[in-house]
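Inspection log for the structure reproduced underneath, given as structure tokens.
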Amino acid sequence: MLHLKDVRPAPIPSSMLAQSNIWASDLQLEKGKKYLVSAASGKGKSTFLHAMYGLRKDYTGSVIFDNQLVTDFELEQWANIRQEKIAIVFQDLRLFLELTGLENIQLKAGLTNTKSEAEIQEMAKYLGVSEILNQSCGTMSYGQRQRIAIIRALCQPFDYLFLDEPFSHLDKENIEKASSLITKICQEQRAGYILVSLGEDYGLNYDVLLNL
């Protein structure tokens, strides 16, 4: 269970907090449920996910994971959580551009041995990037990199999948394929996802709509 209690990011004006279902509230995000978080630019979409992922601490209030404050986690605890409990597709992707697409995916897959080489190749083929897997990410288009980042995030066990504007450079056909793959893997793992966007659901079903 992820639990946010009266979280207030430092840069967000108090006038904006009152319009939010997330900031300055008591919010529980349940394992297995699917959430769409709608937010205009500048409302703190990435801040929201990064606070729960342990990358930002510039807020007041409490972020709690499995009944423990995330600010109390040691580095080893965070490493285990990020390998086994929470997967993420960053808005800026955070791929190693000098490495190939396959090498980027293998860095994640090798930590948990959740997906075989054949399964990685199958996902890459489905998303139309199998022919560029051995190409360095620095030479790929941004849309190709997004698909590599999505595959990388799916190559681990997780209870929650964080999706930070993951389809911004994909056309309709590729969005549908990526959404279908995400849905399939989440169902297999009985996991949920938290999609943060400008309001578009990209064909992903959701149980709860939240306004940031």
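Each chain in the structure tokens gets a letter, A, B, ..., in the order shown, and its residues are numbered from 1; ligands are numbered from 1 in order too.
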
Within 8 Å of stretch 32-48 of chain A, which residues of stretch 78-194 of chain A come that close, and what is the closest atom pair and distance in Å for each? Count only C-alpha atoms and give it as a tab-separated table.
residue	atom	partner	partner_atom	distance
A:Gln91	CA	A:Ser46	CA	7.6
A:Asp159	CA	A:Gly32	CA	6.8
A:Tyr160	CA	A:Gly32	CA	7.4
A:Asp164	CA	A:Ser46	CA	6.7
A:Arg190	CA	A:Gly32	CA	5.8
A:Ala191	CA	A:Gly32	CA	4.3
A:Gly192	CA	A:Gly32	CA	4.0
A:Tyr193	CA	A:Lys34	CA	5.0
A:Ile194	CA	A:Tyr35	CA	4.7

Keeping C-alpha atoms, export the residues of the selection given above as a compact mmCIF listing (two decimals), in the first residue's frame.
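Output file again18.txt follows:
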# COMPACT_ATOMS: atom_id res chain seq x y z
CA GLN A 91 9.19 11.10 -18.56
CA ASP A 159 3.15 -4.26 -7.55
CA TYR A 160 2.96 -0.74 -8.97
CA ASP A 164 5.04 9.44 -16.42
CA ARG A 190 -1.67 -8.85 -10.52
CA ALA A 191 -0.22 -5.38 -10.40
CA GLY A 192 -1.67 -1.94 -10.89
CA TYR A 193 -0.39 1.20 -12.53
CA ILE A 194 -0.42 4.92 -11.95

Do a neighbour search on A:Met140 at 12 Å with only C-alpha atoms, toss out local chain neighbours closer than 3 positions, and write the hits as a PyMOL selection string.
chain A and resi 95-101+129+131-137+143-148

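The space separating atom CA of A:Ala149 from atom CA of A:Ile182 comes to 12.0 Å.
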
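Residues with any atom within 9 Å of A:Gln28, counting only C-alpha atoms and excluding same-chain neighbours fewer than 5 positions away, are A:Met1, A:Leu2, A:His3, A:Leu4, A:Lys5.
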
Using only C-alpha atoms, pick whichever of A:Thr60, A:Thr183, A:Gln156, A:Gln19 has the shortest atom-to-atom distance to A:Tyr206.
A:Thr183

Strand (DSSP E or B) positions in stretch 3-173 of chain A, given as a ChimeraX atom specification
/A:3-9,26-29,34-38,59-65,68-69,86-89,100,136,160-164

Identify, on the basis of only C-alpha atoms, every residue whose closest approach to A:Met123 does not exceed 9 Å; exclude the query and any residue fewer than 5 positions from it along the same chain; express the result as a PDB file with C-alpha atoms, in the first residue's frame.
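Just written: result_19.pdb:
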ATOM      1  CA  ALA A 118      13.099 -14.807 -25.787  1.00  0.00           C
ATOM      2  CA  GLY A 128       8.236  -2.684 -33.423  1.00  0.00           C
ATOM      3  CA  VAL A 129      11.745  -2.174 -32.068  1.00  0.00           C
ATOM      4  CA  SER A 130      13.264  -5.632 -32.526  1.00  0.00           C
ATOM      5  CA  ILE A 151      10.049  -2.812 -22.163  1.00  0.00           C
ATOM      6  CA  LEU A 181       1.395  -4.897 -23.526  1.00  0.00           C
TER       7      LEU A 181
END

Running DSSP on the backbone, which parts of stretch 144-176 of chain A land in alpha helix (DSSP H), as a PyMOL selection string?
chain A and resi 144-154+172-176

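Considering the residues A:Ser25, A:Gln187, A:Asn80, A:Thr71 and counting only C-alpha atoms, A:Leu111 has its shortest atom-to-atom contact with A:Asn80.
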
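Atom CA of A:Arg82 is found 8.3 Å from atom CA of A:Phe158.
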
Distance atom CA of A:Val63-atom CA of A:Leu93, one decimal place?
23.5 Å

Excluding stretch 7-11 of chain A and its own-chain neighbours fewer than 3 positions away, which residues fall within 6 Å of it when counting only C-alpha atoms? Please give them as a ChimeraX atom specification.
/A:23-24,58-62

Would you kindly return, as a ChimeraX atom specification, each protein, DNA or RNA residue with an atom no farther than 12 Å from any atom of A:Ala79, considering only C-alpha atoms and excluding same-chain residues fewer than 4 positions away?
/A:53-54,73-75,83-87,108,111-112

Next, the residues of the selection above should be written as a PDB file, in the first residue's frame with N, CA and C atoms.
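Result saved to selection00.pdb:
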ATOM      1  N   TYR A  53       8.777   7.368  -5.413  1.00  0.00           N
ATOM      2  CA  TYR A  53       9.890   6.525  -5.848  1.00  0.00           C
ATOM      3  C   TYR A  53      11.168   6.829  -5.071  1.00  0.00           C
ATOM      4  N   GLY A  54      11.088   7.812  -4.186  1.00  0.00           N
ATOM      5  CA  GLY A  54      12.222   8.137  -3.325  1.00  0.00           C
ATOM      6  C   GLY A  54      13.271   9.032  -3.938  1.00  0.00           C
ATOM      7  N   PHE A  73      13.812   4.751   4.672  1.00  0.00           N
ATOM      8  CA  PHE A  73      14.411   3.626   3.961  1.00  0.00           C
ATOM      9  C   PHE A  73      15.913   3.825   3.776  1.00  0.00           C
ATOM     10  N   GLU A  74      16.665   2.759   3.998  1.00  0.00           N
ATOM     11  CA  GLU A  74      18.082   2.754   3.670  1.00  0.00           C
ATOM     12  C   GLU A  74      18.241   2.507   2.164  1.00  0.00           C
ATOM     13  N   LEU A  75      19.440   2.752   1.644  1.00  0.00           N
ATOM     14  CA  LEU A  75      19.674   2.577   0.210  1.00  0.00           C
ATOM     15  C   LEU A  75      19.381   1.146  -0.243  1.00  0.00           C
ATOM     16  N   GLN A  83      13.515  -2.916  -7.461  1.00  0.00           N
ATOM     17  CA  GLN A  83      13.705  -4.140  -8.251  1.00  0.00           C
ATOM     18  C   GLN A  83      12.521  -5.084  -8.165  1.00  0.00           C
ATOM     19  N   GLU A  84      11.734  -4.976  -7.087  1.00  0.00           N
ATOM     20  CA  GLU A  84      10.714  -5.990  -6.835  1.00  0.00           C
ATOM     21  C   GLU A  84       9.296  -5.440  -6.655  1.00  0.00           C
ATOM     22  N   LYS A  85       9.158  -4.151  -6.319  1.00  0.00           N
ATOM     23  CA  LYS A  85       7.839  -3.636  -5.952  1.00  0.00           C
ATOM     24  C   LYS A  85       7.334  -2.515  -6.863  1.00  0.00           C
ATOM     25  N   ILE A  86       8.238  -1.653  -7.295  1.00  0.00           N
ATOM     26  CA  ILE A  86       7.827  -0.484  -8.079  1.00  0.00           C
ATOM     27  C   ILE A  86       8.669  -0.389  -9.348  1.00  0.00           C
ATOM     28  N   ALA A  87       7.999  -0.399 -10.492  1.00  0.00           N
ATOM     29  CA  ALA A  87       8.661  -0.160 -11.776  1.00  0.00           C
ATOM     30  C   ALA A  87       8.239   1.222 -12.271  1.00  0.00           C
ATOM     31  N   LYS A 108      18.247  -4.008 -16.487  1.00  0.00           N
ATOM     32  CA  LYS A 108      17.132  -4.218 -15.570  1.00  0.00           C
ATOM     33  C   LYS A 108      16.785  -5.693 -15.448  1.00  0.00           C
ATOM     34  N   LEU A 111      18.870  -8.026 -13.200  1.00  0.00           N
ATOM     35  CA  LEU A 111      18.805  -7.887 -11.743  1.00  0.00           C
ATOM     36  C   LEU A 111      17.810  -8.853 -11.118  1.00  0.00           C
ATOM     37  N   THR A 112      16.778  -9.220 -11.886  1.00  0.00           N
ATOM     38  CA  THR A 112      15.691 -10.022 -11.316  1.00  0.00           C
ATOM     39  C   THR A 112      15.435 -11.331 -12.049  1.00  0.00           C
TER      40      THR A 112
END

Using only C-alpha atoms, which of the listed residues (A:Ser179, A:Gln121, A:Gln77, A:Asn211) sits closest to A:Pro166?
A:Ser179

Selected residue of minimal separation from A:Met16 among A:Val196, A:Ile185, A:Ile120, A:Leu212, counting only C-alpha atoms
A:Leu212
